[in-house]
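Data file: upload.txt. Format and content: compact mmCIF, C-alpha atoms.
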# COMPACT_ATOMS: atom_id res chain seq x y z
CA MET O 1 124.42 93.78 106.66
CA ILE O 2 121.82 92.76 104.11
CA ASP O 3 119.42 90.04 105.24
CA PRO O 4 120.45 86.91 103.25
CA LEU O 5 116.84 85.79 102.72
CA ARG O 6 115.76 89.18 101.37
CA HIS O 7 118.89 89.34 99.20
CA ASP O 8 118.25 85.89 97.72
CA THR O 9 114.54 86.61 97.26
CA GLU O 10 115.23 89.75 95.24
CA VAL O 11 117.72 87.91 93.03
CA LEU O 12 115.29 85.03 92.51
CA ALA O 13 112.43 87.38 91.59
CA LEU O 14 114.47 89.53 89.22
CA ARG O 15 115.84 86.48 87.41
CA ALA O 16 112.33 85.10 86.99
CA LEU O 17 111.08 88.41 85.56
CA ALA O 18 114.03 89.15 83.27
CA SER O 19 111.97 88.65 80.11
CA CYS O 20 108.47 89.38 81.42
CA ASP O 21 106.20 92.21 82.48
CA PRO O 22 106.44 94.20 84.70
CA PRO O 23 109.67 96.01 83.73
CA VAL O 24 112.37 95.37 86.34
CA PRO O 25 116.07 96.22 86.74
CA GLU O 26 118.60 93.91 85.11
CA LEU O 27 120.99 92.06 87.38
CA VAL O 28 124.56 93.11 86.60
CA GLU O 29 126.52 91.44 89.39
CA VAL O 30 125.40 89.38 92.38
CA GLU O 31 127.65 88.80 95.38
CA PRO O 32 126.88 87.64 98.92
CA GLY O 33 125.43 90.70 100.65
CA SER O 34 125.27 92.90 97.54
CA ILE O 35 123.40 93.25 94.26
CA LEU O 36 124.44 95.49 91.38
CA MET O 37 121.60 96.18 88.97
CA SER O 38 120.84 98.48 86.08
CA LEU O 39 119.57 102.01 86.65
CA MET O 40 115.97 102.34 85.48
CA PRO O 41 114.45 105.53 84.04
CA GLY O 42 111.59 107.47 85.60
CA GLU O 43 110.52 109.07 88.86
CA ARG O 44 108.98 107.37 91.88
CA LEU O 45 105.22 107.76 91.91
CA ASP O 46 105.33 109.12 95.45
CA SER O 47 107.22 112.17 94.17
CA VAL O 48 105.01 113.27 91.26
CA ALA O 49 101.91 115.46 90.91
CA PRO O 50 98.61 113.95 92.19
CA GLN O 51 97.02 113.30 88.80
CA VAL O 52 100.22 111.85 87.37
CA ARG O 53 100.38 109.59 90.43
CA LEU O 54 96.83 108.38 89.84
CA ASN O 55 97.59 107.67 86.20
CA GLY O 56 100.66 105.71 87.23
CA LEU O 57 98.75 103.77 89.89
CA ARG O 58 96.10 102.83 87.32
CA ALA O 59 98.80 101.56 84.96
CA SER O 60 100.54 99.75 87.79
CA ALA O 61 97.37 97.82 88.70
CA ARG O 62 97.22 96.40 85.18
CA LEU O 63 100.87 95.36 85.51
CA LEU O 64 100.13 93.80 88.89
CA ARG O 65 97.48 91.58 87.31
CA ARG O 66 100.02 90.46 84.71
CA LEU O 67 102.53 89.69 87.47
CA HIS O 68 99.95 87.54 89.23
CA ALA O 69 99.53 85.48 86.04
CA ILE O 70 103.25 84.56 85.91
CA THR O 71 104.31 81.22 87.37
CA PRO O 72 106.37 82.05 90.48
CA PRO O 73 109.86 80.64 91.04
CA ARG O 74 109.78 77.37 92.96
CA ASP O 75 111.79 78.61 95.95
CA LEU O 76 110.00 81.93 96.49
CA PRO O 77 108.94 82.42 100.16
CA ARG O 78 105.38 81.79 101.31
CA ALA O 79 102.80 84.49 102.06
CA PRO O 80 102.64 86.46 105.34
CA ASN O 81 100.91 84.67 108.21
CA ASP O 82 97.69 86.64 108.59
CA ALA O 83 96.49 84.64 111.60
CA ALA O 84 99.71 85.62 113.38
CA ILE O 85 99.25 89.28 112.38
CA ILE O 86 95.75 89.29 113.86
CA ARG O 87 96.94 87.58 117.06
CA ARG O 88 99.87 89.99 117.51
CA TYR O 89 97.65 92.99 116.87
CA ARG O 90 95.11 91.94 119.48
CA ASP O 91 97.82 91.02 121.98
CA ALA O 92 99.38 94.48 121.49
CA GLY O 93 96.08 96.19 122.31
CA GLY O 94 95.43 97.78 118.92
CA PRO O 95 92.13 99.65 118.34
CA PRO O 96 89.16 97.34 117.56
CA LEU O 97 89.05 96.32 113.89
CA PRO O 98 86.90 93.86 111.87
CA LEU O 99 89.72 91.34 111.68
CA SER O 100 89.08 88.12 109.80
CA ILE O 101 90.88 86.38 106.96
CA PRO O 102 88.89 86.52 103.71
CA PRO O 103 88.44 83.42 101.52
CA SER O 104 91.50 82.60 99.44
CA ALA O 105 91.65 83.80 95.84
CA GLY O 106 94.50 81.40 95.09
CA SER O 107 98.30 81.66 95.05
CA SER O 108 100.25 83.98 92.78
CA PHE O 109 103.65 85.58 92.23
CA CYS O 110 103.48 88.63 94.55
CA HIS O 111 105.82 91.60 94.82
CA GLY O 112 105.23 92.05 98.56
CA ASP O 113 105.44 95.85 98.67
CA TRP O 114 103.63 97.13 95.58
CA SER O 115 103.51 100.86 96.39
CA ASP O 116 104.07 104.26 94.85
CA ALA O 117 107.55 104.30 96.39
CA ASN O 118 108.57 101.23 94.38
CA ILE O 119 107.05 102.17 91.02
CA LEU O 120 108.93 104.39 88.57
CA ALA O 121 107.11 106.21 85.80
CA ILE O 122 107.42 108.91 83.16
CA ASP O 123 104.26 110.98 82.62
CA GLY O 124 102.17 108.25 84.25
CA ALA O 125 103.62 105.43 82.14
CA VAL O 126 105.33 102.82 84.34
CA THR O 127 109.00 102.32 83.47
CA ALA O 128 110.04 99.98 86.30
CA VAL O 129 108.98 98.19 89.46
CA VAL O 130 111.82 97.95 91.99
CA ASP O 131 112.60 96.48 95.43
CA TRP O 132 111.65 92.81 95.07
CA GLU O 133 113.15 91.66 98.36
CA SER O 134 109.69 90.92 99.84
CA ALA O 135 108.48 88.87 96.87
CA HIS O 136 106.52 85.75 97.81
CA VAL O 137 103.81 83.36 96.75
CA GLY O 138 100.53 84.70 98.10
CA ASP O 139 96.91 85.67 97.59
CA PRO O 140 96.61 88.05 94.60
CA LEU O 141 93.63 89.94 96.04
CA ARG O 142 95.48 90.42 99.31
CA GLU O 143 98.35 92.06 97.44
CA LEU O 144 96.03 94.22 95.34
CA SER O 145 94.16 95.28 98.46
CA ARG O 146 97.37 96.17 100.30
CA ALA O 147 98.53 98.30 97.37
CA ALA O 148 95.16 100.01 96.91
CA TRP O 149 94.58 100.59 100.63
CA ALA O 150 98.05 102.11 101.11
CA ALA O 151 97.65 104.32 98.02
CA SER O 152 94.22 105.50 99.20
CA ARG O 153 95.62 106.83 102.48
CA LYS O 154 97.19 109.61 100.41
CA ASP O 155 94.33 109.96 97.90
CA PRO O 156 90.99 108.14 98.55
CA ARG O 157 90.33 107.95 94.81
CA ALA O 158 93.21 105.52 94.40
CA PHE O 159 91.44 102.48 95.88
CA ALA O 160 88.59 102.20 93.38
CA LEU O 161 90.83 103.32 90.52
CA MET O 162 93.33 100.52 91.13
CA VAL O 163 90.73 97.80 91.78
CA GLU O 164 88.85 98.69 88.60
CA ALA O 165 92.04 98.79 86.53
CA TYR O 166 93.04 95.38 87.89
CA GLY O 167 89.56 94.01 87.17
CA ALA O 168 88.75 92.64 90.64
CA ASP O 169 85.59 92.59 92.75
CA MET O 170 85.54 95.69 94.97
CA ALA O 171 83.97 93.99 98.00
CA ALA O 172 86.43 91.08 97.89
CA VAL O 173 89.38 93.49 97.80
CA ARG O 174 88.02 95.73 100.58
CA ALA O 175 87.57 92.68 102.81
CA TRP O 176 91.35 92.65 103.34
CA SER O 177 91.65 96.31 104.43
CA ALA O 178 91.52 95.74 108.19
CA ILE O 179 94.39 93.26 108.06
CA HIS O 180 96.56 95.80 106.22
CA ALA O 181 95.65 98.43 108.81
CA ALA O 182 96.63 96.06 111.63
CA GLU O 183 99.89 95.15 109.90
CA LEU O 184 100.82 98.82 109.41
CA TRP O 185 99.89 99.63 113.03
CA LEU O 186 102.21 96.87 114.27
CA TRP O 187 105.01 98.15 112.07
CA PHE O 188 104.68 101.71 113.39
CA ALA O 189 104.36 100.40 116.97
CA GLU O 190 107.72 98.65 116.59
CA ALA O 191 109.60 101.00 114.28
CA GLY O 192 107.95 104.42 114.66
CA PRO O 193 108.12 107.30 114.17
CA PRO O 194 105.82 108.05 117.14
CA GLU O 195 103.80 110.76 115.38
CA TYR O 196 102.85 108.36 112.55
CA PHE O 197 101.88 105.71 115.08
CA GLU O 198 99.68 108.16 116.97
CA GLN O 199 97.99 109.36 113.78
CA LEU O 200 97.30 105.83 112.58
CA THR O 201 95.95 104.84 116.00
CA LEU O 202 93.50 107.73 115.81
CA GLU O 203 92.46 106.70 112.29
CA LEU O 204 91.81 103.13 113.36
CA LYS O 205 89.75 104.23 116.35
CA ASN O 206 87.49 105.90 113.77
CA TRP O 207 87.28 102.89 111.45
CA PRO O 208 84.44 103.42 108.93
CA ALA O 209 80.94 103.02 110.36
CA GLY O 210 79.04 99.92 109.36
CA GLN O 211 82.05 97.63 109.64
CA ALA O 212 81.80 95.55 112.80
CA ALA O 213 84.89 95.42 114.98
CA ASN O 214 86.15 92.47 117.01

Show how you would write the structure in this file as structure tokens.
Amino acid sequence: MIDPLRHDTEVLALRALASCDPPVPELVEVEPGSILMSLMPGERLDSVAPQVRLNGLRASARLLRRLHAITPPRDLPRAPNDAAIIRRYRDAGGPPLPLSIPPSAGSSFCHGDWSDANILAIDGAVTAVVDWESAHVGDPLRELSRAAWAASRKDPRAFALMVEAYGADMAAVRAWSAIHAAELWLWFAEAGPPEYFEQLTLELKNWPAGQAAN
């Protein structure tokens, strides 16, 4: 059974983006519990060669900035509750992290899961962004940071590359990294698989020196 909220969110986002950048699938038929949409060309960026992936991530960051400039639909859900994420993480006994909520950079139309798994490309040129069921109104730098941090776990070069292509301040974007780490740790703690959870726990225990933990 498809979650009704996620179903309705995806429909709302795709309708709002039908004539805008980034390129998205076209809605063909919408029914309760199902969405039929057009097939988009390209390969997922998580399945291509490393340099092609980096080229695609760079292009995707420019598209992300354009998304953040679009007026979001009125009924789009609100942003994740970062205070609750921090509280849950500490209550669950996660490794010490420098957890604090950075100053707001405003509210924008956000995809919610901007990642190499949801970006299609041909030779590094983005052909579609898919899976809009987590779209929301949120902080644009938080979303950029989440995308760049997740991409950098596979290739450390991706963080700076995406931030520079977007045109954001590096320090302001990095300030969100610990919250994304805590959010991912909670997800693995609840959903597994155990080996990923164990690996991430080890990574967080060795959080980069010079960043105070609390």

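Using all atoms listed in the file, the nearest neighbour of Ala151 of chain O within the list O:Trp132, O:Trp176, O:Trp114, O:Trp185 is O:Trp114.
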
Minimum-distance residue to Leu184 of chain O, chosen among O:Tyr166, O:Trp149, O:Phe109, O:Phe159 (using all atoms listed in the file): O:Trp149

Hey, which of O:Ala150, O:Gly94, O:Glu198, O:Glu26 ends up closest to Leu186 of chain O? Count only C-alpha atoms. O:Gly94

Closest to Glu10 of chain O among O:Leu161, O:Ala178, O:Leu144, O:Ala135, using all atoms listed in the file?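 Counting all atoms listed in the file, the residue closest to Glu10 of chain O is O:Ala135.
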
I'd like the box whose edges run along x, y and z of the file and which contains every listed atom of segment 163-173 of chain O, padded by 4 Å per side; could you state its centre and edge lengths in Å, one decimal, as JSON?
{"center_x": 88.5, "center_y": 94.9, "center_z": 92.3, "size_x": 17.1, "size_y": 15.7, "size_z": 19.5}

Distance of atom CA of Glu133 of chain O from atom CA of Ala84 of chain O, expressed in Å to one decimal place: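 Distance between the two atoms: 21.0 Å.
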
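Using only C-alpha atoms for every distance, the candidate list O:Phe188, O:Ile179, O:Ile119, O:Leu64 yields O:Leu64 as the residue closest to Pro140 of chain O.
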
Atom CA of Pro77 of chain O to atom CA of His136 of chain O: how many Å, to one decimal?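 Going from atom CA of Pro77 of chain O over to atom CA of His136 of chain O covers 4.7 Å.
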
Nearest-residue call for Leu36 of chain O, choices O:Arg87, O:His7, O:Arg157, O:His111, using only C-alpha atoms: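 For Leu36 of chain O, the nearest of the given residues is O:His7.
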
Distance query Ser34 of chain O at most 12 Å, all atoms listed in the file, self and fewer than 5 positions along chain excluded, as a VMD selection string: chain O and resid 1 to 4 6 to 8 10 to 11 27 to 29

I'd like the interatomic distance between atom CA of Leu99 of chain O and atom CA of Ala175 of chain O, to a tenth of an Å.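 Answer for the atom CA of Leu99 of chain O to atom CA of Ala175 of chain O separation: 9.2 Å.
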